[in-house]
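S.K.: Got model.cif for you, mmCIF, C-alpha atoms:
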data_input
#
loop_
_atom_site.label_atom_id
_atom_site.label_comp_id
_atom_site.auth_asym_id
_atom_site.auth_seq_id
_atom_site.Cartn_x
_atom_site.Cartn_y
_atom_site.Cartn_z
CA MET A 606 -1.02 -18.07 -11.53
CA HIS A 607 -1.80 -21.49 -10.08
CA LEU A 608 -1.06 -23.42 -6.92
CA ASN A 609 1.38 -26.28 -7.19
CA PHE A 610 -0.20 -28.32 -4.41
CA GLU A 611 2.81 -30.59 -3.97
CA SER A 612 5.23 -27.72 -3.33
CA GLY A 613 2.65 -25.46 -1.70
CA ARG A 614 3.81 -22.61 -3.92
CA LEU A 615 2.11 -20.33 -6.39
CA THR A 616 3.41 -20.39 -9.94
CA ASP A 617 4.44 -17.16 -11.64
CA VAL A 618 5.30 -15.31 -8.41
CA VAL A 619 8.67 -14.54 -6.85
CA PHE A 620 9.50 -16.94 -4.03
CA HIS A 621 11.91 -16.03 -1.22
CA ALA A 622 12.38 -18.90 1.24
CA SER A 623 11.86 -17.56 4.74
CA PRO A 624 13.44 -19.67 7.48
CA ASN A 625 10.52 -18.72 9.75
CA HIS A 626 8.09 -21.58 9.31
CA SER A 627 7.22 -24.96 10.76
CA LYS A 628 5.42 -28.17 9.91
CA ARG A 629 1.68 -27.87 9.35
CA SER A 630 -0.35 -30.32 11.41
CA SER A 631 -3.83 -28.89 10.78
CA GLN A 632 -5.90 -28.31 7.67
CA VAL A 633 -6.01 -24.73 6.34
CA GLU A 634 -9.40 -23.18 7.14
CA LEU A 635 -8.65 -19.49 7.60
CA VAL A 636 -7.05 -16.60 5.71
CA VAL A 637 -5.65 -13.77 7.83
CA ILE A 638 -5.16 -10.35 6.23
CA HIS A 639 -2.41 -8.13 7.64
CA CYS A 640 -0.69 -4.93 6.63
CA ILE A 641 2.91 -3.92 7.12
CA SER A 642 5.43 -1.29 6.12
CA LEU A 643 8.86 -0.63 7.57
CA PRO A 644 9.17 2.10 8.67
CA GLN A 645 5.42 2.59 8.93
CA GLY A 646 4.05 4.36 5.87
CA GLU A 647 7.28 4.03 3.84
CA TYR A 648 7.03 1.77 0.81
CA ASN A 649 10.00 2.27 -1.50
CA ASN A 650 12.31 -0.19 0.22
CA ASP A 651 12.81 -3.92 0.83
CA ASN A 652 12.69 -3.82 4.62
CA VAL A 653 9.67 -6.12 4.92
CA GLU A 654 11.36 -8.72 2.75
CA LYS A 655 14.46 -8.45 4.92
CA LEU A 656 12.34 -8.88 8.06
CA PHE A 657 10.81 -12.11 6.72
CA LEU A 658 14.28 -13.36 5.74
CA ASN A 659 15.88 -12.45 9.10
CA SER A 660 18.24 -9.98 7.43
CA LEU A 661 16.78 -6.64 8.58
CA ASP A 662 19.45 -4.45 10.17
CA SER A 663 17.83 -3.15 13.35
CA ARG A 664 20.26 -0.20 13.37
CA HIS A 665 18.82 1.10 10.08
CA HIS A 666 15.86 2.87 11.74
CA LYS A 667 14.89 3.50 15.36
CA SER A 668 11.53 1.76 14.83
CA PHE A 669 13.40 -1.44 13.94
CA LEU A 670 14.96 -1.87 17.40
CA GLY A 671 11.98 -3.85 18.67
CA LEU A 672 12.25 -6.19 15.69
CA LYS A 673 15.74 -7.41 16.57
CA LYS A 674 15.75 -11.21 16.91
CA LEU A 675 12.07 -11.35 15.93
CA ASN A 676 11.38 -14.34 13.69
CA VAL A 677 8.25 -13.69 11.65
CA SER A 678 7.00 -14.51 8.19
CA SER A 679 3.94 -14.54 6.04
CA HIS A 680 2.91 -16.83 3.26
CA ILE A 681 2.24 -13.93 0.89
CA TYR A 682 3.25 -10.27 0.69
CA ILE A 683 1.41 -8.02 -1.78
CA LYS A 684 3.15 -4.77 -2.64
CA ARG A 685 1.35 -1.50 -3.47
CA THR A 686 1.83 -2.26 -7.18
CA GLY A 687 0.07 -5.62 -6.84
CA GLU A 688 3.33 -7.56 -7.10
CA ILE A 689 3.01 -10.83 -5.18
CA LEU A 690 5.89 -12.36 -3.24
CA GLN A 691 5.66 -15.72 -1.49
CA PHE A 692 7.84 -16.46 1.55
CA VAL A 693 6.41 -19.70 2.95
CA PRO A 694 4.70 -22.55 1.06
CA PHE A 695 1.03 -22.97 1.96
CA ASN A 696 1.71 -26.50 3.19
CA ARG A 697 3.93 -25.06 5.95
CA VAL A 698 3.03 -22.85 8.92
CA ALA A 699 4.11 -19.23 8.53
CA TRP A 700 4.71 -17.29 11.74
CA HIS A 701 2.36 -14.35 11.12
CA ALA A 702 -0.42 -14.35 13.71
CA GLY A 703 1.34 -14.64 17.06
CA VAL A 704 -0.89 -15.21 20.07
CA SER A 705 -4.29 -15.54 18.43
CA SER A 706 -7.69 -17.18 18.56
CA PHE A 707 -10.53 -17.76 16.09
CA ASN A 708 -13.89 -19.19 17.18
CA GLY A 709 -12.31 -20.43 20.40
CA ARG A 710 -9.43 -22.14 18.61
CA GLU A 711 -5.97 -20.96 19.69
CA ASN A 712 -2.79 -20.48 17.62
CA CYS A 713 -4.23 -19.42 14.28
CA ASN A 714 -0.88 -19.93 12.55
CA GLU A 715 -1.54 -23.66 12.63
CA PHE A 716 -4.69 -23.52 10.49
CA SER A 717 -4.35 -20.29 8.52
CA ILE A 718 -2.66 -18.64 5.60
CA GLY A 719 -1.21 -15.21 6.30
CA ILE A 720 -1.33 -12.52 3.63
CA GLU A 721 0.45 -9.22 4.23
CA LEU A 722 -0.48 -6.13 2.27
CA GLN A 723 2.16 -3.44 1.96
CA GLY A 724 0.48 -0.62 3.78
CA SER A 725 -0.47 1.02 7.01
CA VAL A 726 -3.60 1.11 9.16
CA ASP A 727 -3.63 4.86 8.46
CA GLN A 728 -3.94 4.68 4.66
CA SER A 729 -6.16 3.10 2.04
CA PHE A 730 -4.91 0.24 -0.09
CA GLU A 731 -4.36 0.21 -3.84
CA GLU A 732 -6.73 -1.35 -6.38
CA ALA A 733 -3.83 -3.46 -7.65
CA GLN A 734 -3.53 -4.98 -4.18
CA TYR A 735 -7.22 -5.90 -4.04
CA LYS A 736 -6.95 -7.44 -7.50
CA ALA A 737 -3.93 -9.56 -6.50
CA LEU A 738 -5.56 -10.49 -3.20
CA ASN A 739 -8.72 -11.67 -4.96
CA GLU A 740 -6.68 -13.79 -7.40
CA ILE A 741 -5.03 -15.50 -4.45
CA ILE A 742 -8.32 -15.95 -2.58
CA LYS A 743 -9.85 -17.64 -5.65
CA ILE A 744 -6.97 -20.10 -5.73
CA LEU A 745 -7.14 -20.73 -1.99
CA LYS A 746 -10.93 -21.23 -2.08
CA SER A 747 -10.55 -23.90 -4.74
CA SER A 748 -7.70 -25.62 -2.87
CA PHE A 749 -8.64 -25.53 0.83
CA PRO A 750 -11.87 -25.83 2.85
CA LEU A 751 -11.79 -22.19 3.94
CA LYS A 752 -14.26 -21.11 6.60
CA ALA A 753 -13.41 -17.41 6.88
CA ILE A 754 -11.24 -14.49 5.84
CA VAL A 755 -10.40 -12.24 8.77
CA GLY A 756 -8.12 -9.40 9.74
CA HIS A 757 -5.26 -9.73 12.18
CA SER A 758 -7.33 -7.50 14.47
CA ASP A 759 -10.09 -10.14 14.50
CA ILE A 760 -7.85 -12.91 15.86
CA ALA A 761 -5.65 -10.77 18.16
CA PRO A 762 -7.91 -7.81 19.09
CA THR A 763 -6.00 -6.76 22.18
CA ARG A 764 -2.67 -6.63 20.30
CA LYS A 765 -3.32 -5.80 16.67
CA THR A 766 -5.32 -3.28 14.59
CA ASP A 767 -4.41 -4.35 11.06
CA PRO A 768 -5.42 -4.30 8.33
CA GLY A 769 -7.21 -1.26 9.79
CA PRO A 770 -10.20 0.91 8.97
CA TRP A 771 -9.01 1.76 5.46
CA PHE A 772 -9.16 -1.86 4.31
CA ASP A 773 -12.32 -2.25 2.21
CA TRP A 774 -13.78 -5.66 3.01
CA GLU A 775 -16.42 -5.15 0.31
CA LYS A 776 -13.71 -5.35 -2.36
CA ILE A 777 -12.66 -8.91 -1.58
CA ILE A 778 -14.25 -12.21 -2.55
CA LYS A 779 -16.43 -13.79 0.10
CA ILE A 780 -16.09 -17.35 1.34
#
Represent the structure of the file as structure tokens.
M.R.:
Amino acid sequence: MHLNFESGRLTDVVFHASPNHSKRSSQVELVVIHCISLPQGEYNNDNVEKLFLNSLDSRHHKSFLGLKKLNVSSHIYIKRTGEILQFVPFNRVAWHAGVSSFNGRENCNEFSIGIELQGSVDQSFEEAQYKALNEIIKILKSSFPLKAIVGHSDIAPTRKTDPGPWFDWEKIIKI
């Protein structure tokens, strides 16, 4: 796996083009780790992919009602098996962080890469996910002047708790 810098895409991973992105006007300096499952704690479905592609049927599950007309995305989604899916090229802004701030700088989407792990704040993550995450971090470290890797809870502490207490920060590469 390598980064094609011109396209902003990783080689050898499945790419699904999310419509939920915008032009990047700042240099990438931050990686934001998230976790997601729809419904929460259920993994054997493609609901997250559908959410990022604006094709999730909000009638499918009562927990999806609040997601209707929500336009979100992430650059990367890592499934429990370690499979990596890319939804937004790294040279574009993915809409993953929402209202956020890092070191006094607002709107983290503008200067970050969002990586979603298939999971829940209530469960530990799989070794295959840490392995895939570290492969991506290595590539990002060699391609961008990264300053930090943080959780969604670090940049939006009043709104978000992910990746949660079961995420083992000791298992990932440091900046």
S.K.: For A:His680, list every protein, DNA or RNA residue within 8 Å, evaluated using all atoms listed in the file, and leave out those in the same chain fewer than 5 positions away; present the list as a short mmCIF file (atom, residue, chain, number, x, y, z; two decimals) with C-alpha atoms, keeping the file's coordinate frame.
M.R.:
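File written: result_12.cif
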data_model
loop_
_atom_site.label_atom_id
_atom_site.label_comp_id
_atom_site.auth_asym_id
_atom_site.auth_seq_id
_atom_site.Cartn_x
_atom_site.Cartn_y
_atom_site.Cartn_z
CA GLN A 691 5.66 -15.72 -1.49
CA PHE A 692 7.84 -16.46 1.55
CA VAL A 693 6.41 -19.70 2.95
CA PRO A 694 4.70 -22.55 1.06
CA PHE A 695 1.03 -22.97 1.96
CA ALA A 699 4.11 -19.23 8.53
CA ILE A 718 -2.66 -18.64 5.60
CA GLY A 719 -1.21 -15.21 6.30
CA ILE A 720 -1.33 -12.52 3.63
#
S.K.: Expanded to explicit residues, what is the PyMOL selection byres ((chain A and resi 610) around 12) for this file, as a list of chain:residue names?
M.R.: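 Going through the file, the PyMOL selection byres ((chain A and resi 610) around 12) ends up selecting A:His607, A:Leu608, A:Asn609, A:Glu611, A:Ser612, A:Gly613, A:Arg614, A:Leu615, A:Thr616, A:Pro694, A:Phe695, A:Asn696, A:Arg697, A:Ile744, A:Leu745, A:Ser747, A:Ser748, A:Phe749.
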S.K.: Need to verify the contact set: A:Asp727, 12 Å, all atoms listed in the file, exclusion of same-chain residues closer than 5 positions in sequence. Can you return it as a list in words?
M.R.: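 With the cut-off at 12 Å, the set is Cys640, Ile641, Ser642, Gln645, Gly646, Glu647, Thr766, Asp767, Pro768, Gly769, Pro770, Trp771 and Phe772 of chain A.
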S.K.: Once the PyMOL selection byres ((chain A and resi 742) around 9) has been applied to the shown file, what residues remain in the selection, as an mmCIF file with C-alpha atoms, in the coordinates of the input?
M.R.:
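Saved to out.cif:
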data_model
loop_
_atom_site.group_PDB
_atom_site.id
_atom_site.type_symbol
_atom_site.label_atom_id
_atom_site.label_comp_id
_atom_site.auth_asym_id
_atom_site.auth_seq_id
_atom_site.Cartn_x
_atom_site.Cartn_y
_atom_site.Cartn_z
ATOM 1 C CA VAL A 636 -7.050 -16.600 5.710
ATOM 2 C CA ALA A 737 -3.930 -9.560 -6.500
ATOM 3 C CA LEU A 738 -5.560 -10.490 -3.200
ATOM 4 C CA ASN A 739 -8.720 -11.670 -4.960
ATOM 5 C CA GLU A 740 -6.680 -13.790 -7.400
ATOM 6 C CA ILE A 741 -5.030 -15.500 -4.450
ATOM 7 C CA LYS A 743 -9.850 -17.640 -5.650
ATOM 8 C CA ILE A 744 -6.970 -20.100 -5.730
ATOM 9 C CA LEU A 745 -7.140 -20.730 -1.990
ATOM 10 C CA LYS A 746 -10.930 -21.230 -2.080
ATOM 11 C CA SER A 747 -10.550 -23.900 -4.740
ATOM 12 C CA ILE A 777 -12.660 -8.910 -1.580
ATOM 13 C CA ILE A 778 -14.250 -12.210 -2.550
ATOM 14 C CA LYS A 779 -16.430 -13.790 0.100
ATOM 15 C CA ILE A 780 -16.090 -17.350 1.340
#
S.K.: Hey, what comes out of the PyMOL selection byres ((chain A and resi 687) around 10) on this file? Could you write it as a list in words?
M.R.: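 When the PyMOL selection byres ((chain A and resi 687) around 10) is applied, the selected residues are Tyr682, Ile683, Lys684, Arg685, Thr686, Glu688, Ile689, Leu690, Leu722, Gln723, Glu731, Glu732, Ala733, Gln734, Tyr735, Lys736, Ala737 and Leu738 of chain A.
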S.K.: Please measure the separation of atom CA of A:Phe730 and atom CA of A:Gly756, giving the value in Å to one decimal.
M.R.: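 Distance reported for this atom pair: 14.1 Å.
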S.K.: Using all atoms listed in the file, which of the listed residues (A:Lys765, A:Lys776, A:Arg710, A:Lys752) sits closest to A:Val633?
M.R.: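 Between A:Lys765, A:Lys776, A:Arg710, A:Lys752, the residue approaching A:Val633 most closely is A:Lys752.
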S.K.: What separation in Å, quoted to one decimal, exists between atom CA of A:Val677 and atom CA of A:Gly703?
M.R.: 8.8 Å
S.K.: Name the residues in contact with A:Ser663 at a cut-off of 6 Å, using all atoms listed in the file, excluding same-chain residues fewer than 3 positions from it; report them as a ChimeraX atom specification.
M.R.: /A:669-670,673
S.K.: So which one's closest to A:Glu721, A:Glu634, A:Asp617, A:Glu654, A:Glu775? Using all atoms listed in the file, please.
M.R.: A:Glu654
